[in-house]
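Participant: Quick one: the structure is below, and I'll ask about it shortly.
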Amino acid sequence: MRTLTPTGIATAADISHWRSEFPIVETCTYLVSHSLGAMPRKTADYLQEFADMWSTRGVRAWHEGWWEAGRETGNLLAPILGAPKNTISMHQNVTVAQGIIASCFTYGGPRRRIVMTELEFPSNHYLFEGFRRYGAEIVYVPSADPIRLDVQRFLDAIDEHTVLVPLSLVLFKSACITDARAVIEKAHRVGAHVILDVYQGAGTVPMDLEGWHADFAVGGSVKWLCGGPGAGYLFVRPDLAATLKPAFIGWAAHESPFEFATGPVRYAGNPERFQSGTPNVPSLYSARAGYEIVASIGVPAIRRRSLMLTRRLIDAAMAAGYRLNTPTADHERGGSVIIDVPNGMAVADELIRRGVIVDYRPGAGIRMAPHFYNTEAEIDHAMATLAEIVSSA
Ligand SMILES: Cc1ncc(COP(=O)(O)O)c(C=O)c1O
């Protein structure tokens, strides 16, 4: 198995070292890590290890590593999120993780409001809308500014009737960082709980879930963590976890699953009490390499490089007179830059055809997302290609 030499990203040689670990970056200008992070070379080794275990050890693999893979994967991720050990369970995706949290609460009493911003990722709205049938009242807090959370209005909407506050740490359409600490503080003052969706931040924005006293956090590994699909995660604050009894669980949440006891569950401790059924083992193997690389470089170093590269994109976009749907102030901006040009969707398609891989979101624009493996030259190439396409339209 390949071993990764711990290397920072301070010099051109470091960057070139890391580029050699991500095959796709040699084939195109890969600026889409907010959507699908590049696959590390080492991921193939881990997936091979999974296949070898299955093929040579068969059912014995469960007790030779597979059953523990969820907890171990969560523990690899924990330092990246600023979470203590043994607080993260692994799930298929964010929706499943949110559903498990939602199933810990009741919605029939006076505390039944779920407060969200209009700017939230759509599936967060869809899931909680479904809880109206159990009595939940859904409050969408408007934002006059389509890029930013209206923090004061949002805080004012959280009161003694609020049960849950799902909130993205980094908004998917604008890459704006929300004031999670202020929201957690207000929620705690009135007895509500916050579910931070950290998907668009994890691996590029430093986080301190423990220090922020976050109740819950959810996310996935597809984007900045370069971990591929199927490795969603759920963090629960340890003291809170001990008091919760999720309804949406399966046999893996039992304190002694191999007893196969029927009737009411006897809950395991954190994090297994939030598990459903058989773990998604291949995804846990595929997630490892990305986590190891992000942890070995360190999120603060990734953040410094990200700010430098996104600043370069912003300067070029401003010089060309494009509209930016992303905050220009560093402290407010996550890892992407959203550029709004006329016929954005067609322009994004043409960029992709020319080997500059980006995406487009309606009502936002072309999203470009440099990660630690991108270079200044790639930013310049992407912006020059964009200018060519726009001027020839
Ligand atoms: C902030 C945010 N939350 C949730 C999701 C979707 O999560 P999942 O597909 O894991 O449910 C995305 C995907 O783009 C996202 O950006």
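By convention here, the chains of the structure tokens are called A, B, ... in the order presented, each chain's residues are numbered starting at 1, and ligands are numbered starting at 1 in the order presented.
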Which residues form the shell of 7 Å around ligand 1 when you count only C-alpha atoms and all ligand atoms, given as a list in words?
Facilitator: Ser35, Asn93, Val94, Thr95, Val96, Phe121, Ser123, Asn124, Ser168, Val170, Leu171, Phe172, Asp197, Val198, Tyr199, Gln200, Gly219, Gly220 and Gly232 of chain A
Participant: Can you pull out every residue within 10 Å of Pro40 of chain A, counting only C-alpha atoms, but drop anything in the same chain fewer than 5 positions away, and send it as a PyMOL selection string?
Facilitator: chain A and resi 18-24+45+226-228+286-290+293
Participant: Which residues come within 8 Å of segment 323-334 of chain A, counting only C-alpha atoms, excluding same-chain residues fewer than 4 positions away, as a ChimeraX atom specification?
Facilitator: /A:147,170,174-178,200-201,204-205,307,311,314,317-318,338-341,364-365
Participant: Name the closest residue to Tyr107 of chain A among the candidates A:Ile88, A:Ala187, A:Ala136, A:Ala241; distances are taken between atoms, counting only C-alpha atoms.
Facilitator: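 Comparing A:Ile88, A:Ala187, A:Ala136, A:Ala241 against Tyr107 of chain A, the winner is A:Ala136.
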Participant: Return as a ChimeraX atom specification the full set of residues in segment 97-195 of chain A whose backbone-based DSSP assignment is strand (DSSP E or B).
Facilitator: /A:113-117,137-141,162-168,170,176-177,193-195
Participant: Could the residues in this selection be saved with N, CA and C atoms as a compact mmCIF listing (two decimals), in the first residue's frame?
Facilitator:
# COMPACT_ATOMS: atom_id res chain seq x y z
N ARG A 113 -41.55 24.44 16.65
CA ARG A 113 -41.12 25.19 15.45
C ARG A 113 -39.74 24.75 14.98
N ILE A 114 -39.61 24.64 13.66
CA ILE A 114 -38.30 24.37 13.05
C ILE A 114 -37.96 25.62 12.23
N VAL A 115 -36.89 26.28 12.62
CA VAL A 115 -36.56 27.58 12.01
C VAL A 115 -35.41 27.40 11.02
N MET A 116 -35.65 27.84 9.78
CA MET A 116 -34.61 27.71 8.73
C MET A 116 -34.54 28.98 7.90
N THR A 117 -33.40 29.19 7.26
CA THR A 117 -33.32 30.31 6.32
C THR A 117 -33.87 29.86 4.97
N GLU A 137 -44.13 23.01 13.00
CA GLU A 137 -44.44 24.27 12.30
C GLU A 137 -43.12 24.71 11.67
N ILE A 138 -43.14 24.97 10.38
CA ILE A 138 -41.89 25.32 9.70
C ILE A 138 -41.85 26.83 9.50
N VAL A 139 -40.77 27.45 9.97
CA VAL A 139 -40.63 28.91 9.82
C VAL A 139 -39.45 29.17 8.88
N TYR A 140 -39.74 29.77 7.73
CA TYR A 140 -38.67 30.14 6.80
C TYR A 140 -38.34 31.61 7.03
N VAL A 141 -37.11 31.89 7.40
CA VAL A 141 -36.73 33.29 7.66
C VAL A 141 -36.22 33.89 6.35
N THR A 162 -39.25 27.13 19.65
CA THR A 162 -38.37 26.50 18.65
C THR A 162 -37.80 25.20 19.19
N VAL A 163 -37.93 24.15 18.38
CA VAL A 163 -37.32 22.88 18.78
C VAL A 163 -35.99 22.69 18.08
N LEU A 164 -35.94 22.95 16.74
CA LEU A 164 -34.71 22.71 15.98
C LEU A 164 -34.40 23.89 15.06
N VAL A 165 -33.11 24.12 14.88
CA VAL A 165 -32.65 25.15 13.95
C VAL A 165 -31.61 24.52 13.02
N PRO A 166 -32.04 23.99 11.87
CA PRO A 166 -31.07 23.48 10.91
C PRO A 166 -30.44 24.66 10.16
N LEU A 167 -29.12 24.70 10.08
CA LEU A 167 -28.46 25.85 9.45
C LEU A 167 -27.16 25.42 8.78
N SER A 168 -26.97 25.83 7.52
CA SER A 168 -25.70 25.55 6.84
C SER A 168 -24.62 26.49 7.34
N VAL A 170 -21.86 27.02 5.66
CA VAL A 170 -21.50 27.75 4.44
C VAL A 170 -22.66 27.55 3.46
N CYS A 176 -21.34 31.88 1.35
CA CYS A 176 -21.24 32.80 2.50
C CYS A 176 -21.21 31.98 3.80
N ILE A 177 -20.29 32.36 4.69
CA ILE A 177 -20.19 31.69 5.99
C ILE A 177 -21.20 32.33 6.94
N HIS A 193 -32.29 23.48 19.81
CA HIS A 193 -31.06 22.80 19.37
C HIS A 193 -30.75 23.15 17.93
N VAL A 194 -29.46 23.31 17.63
CA VAL A 194 -29.03 23.67 16.27
C VAL A 194 -28.42 22.45 15.58
N ILE A 195 -28.83 22.24 14.33
CA ILE A 195 -28.19 21.21 13.49
C ILE A 195 -27.37 21.96 12.46
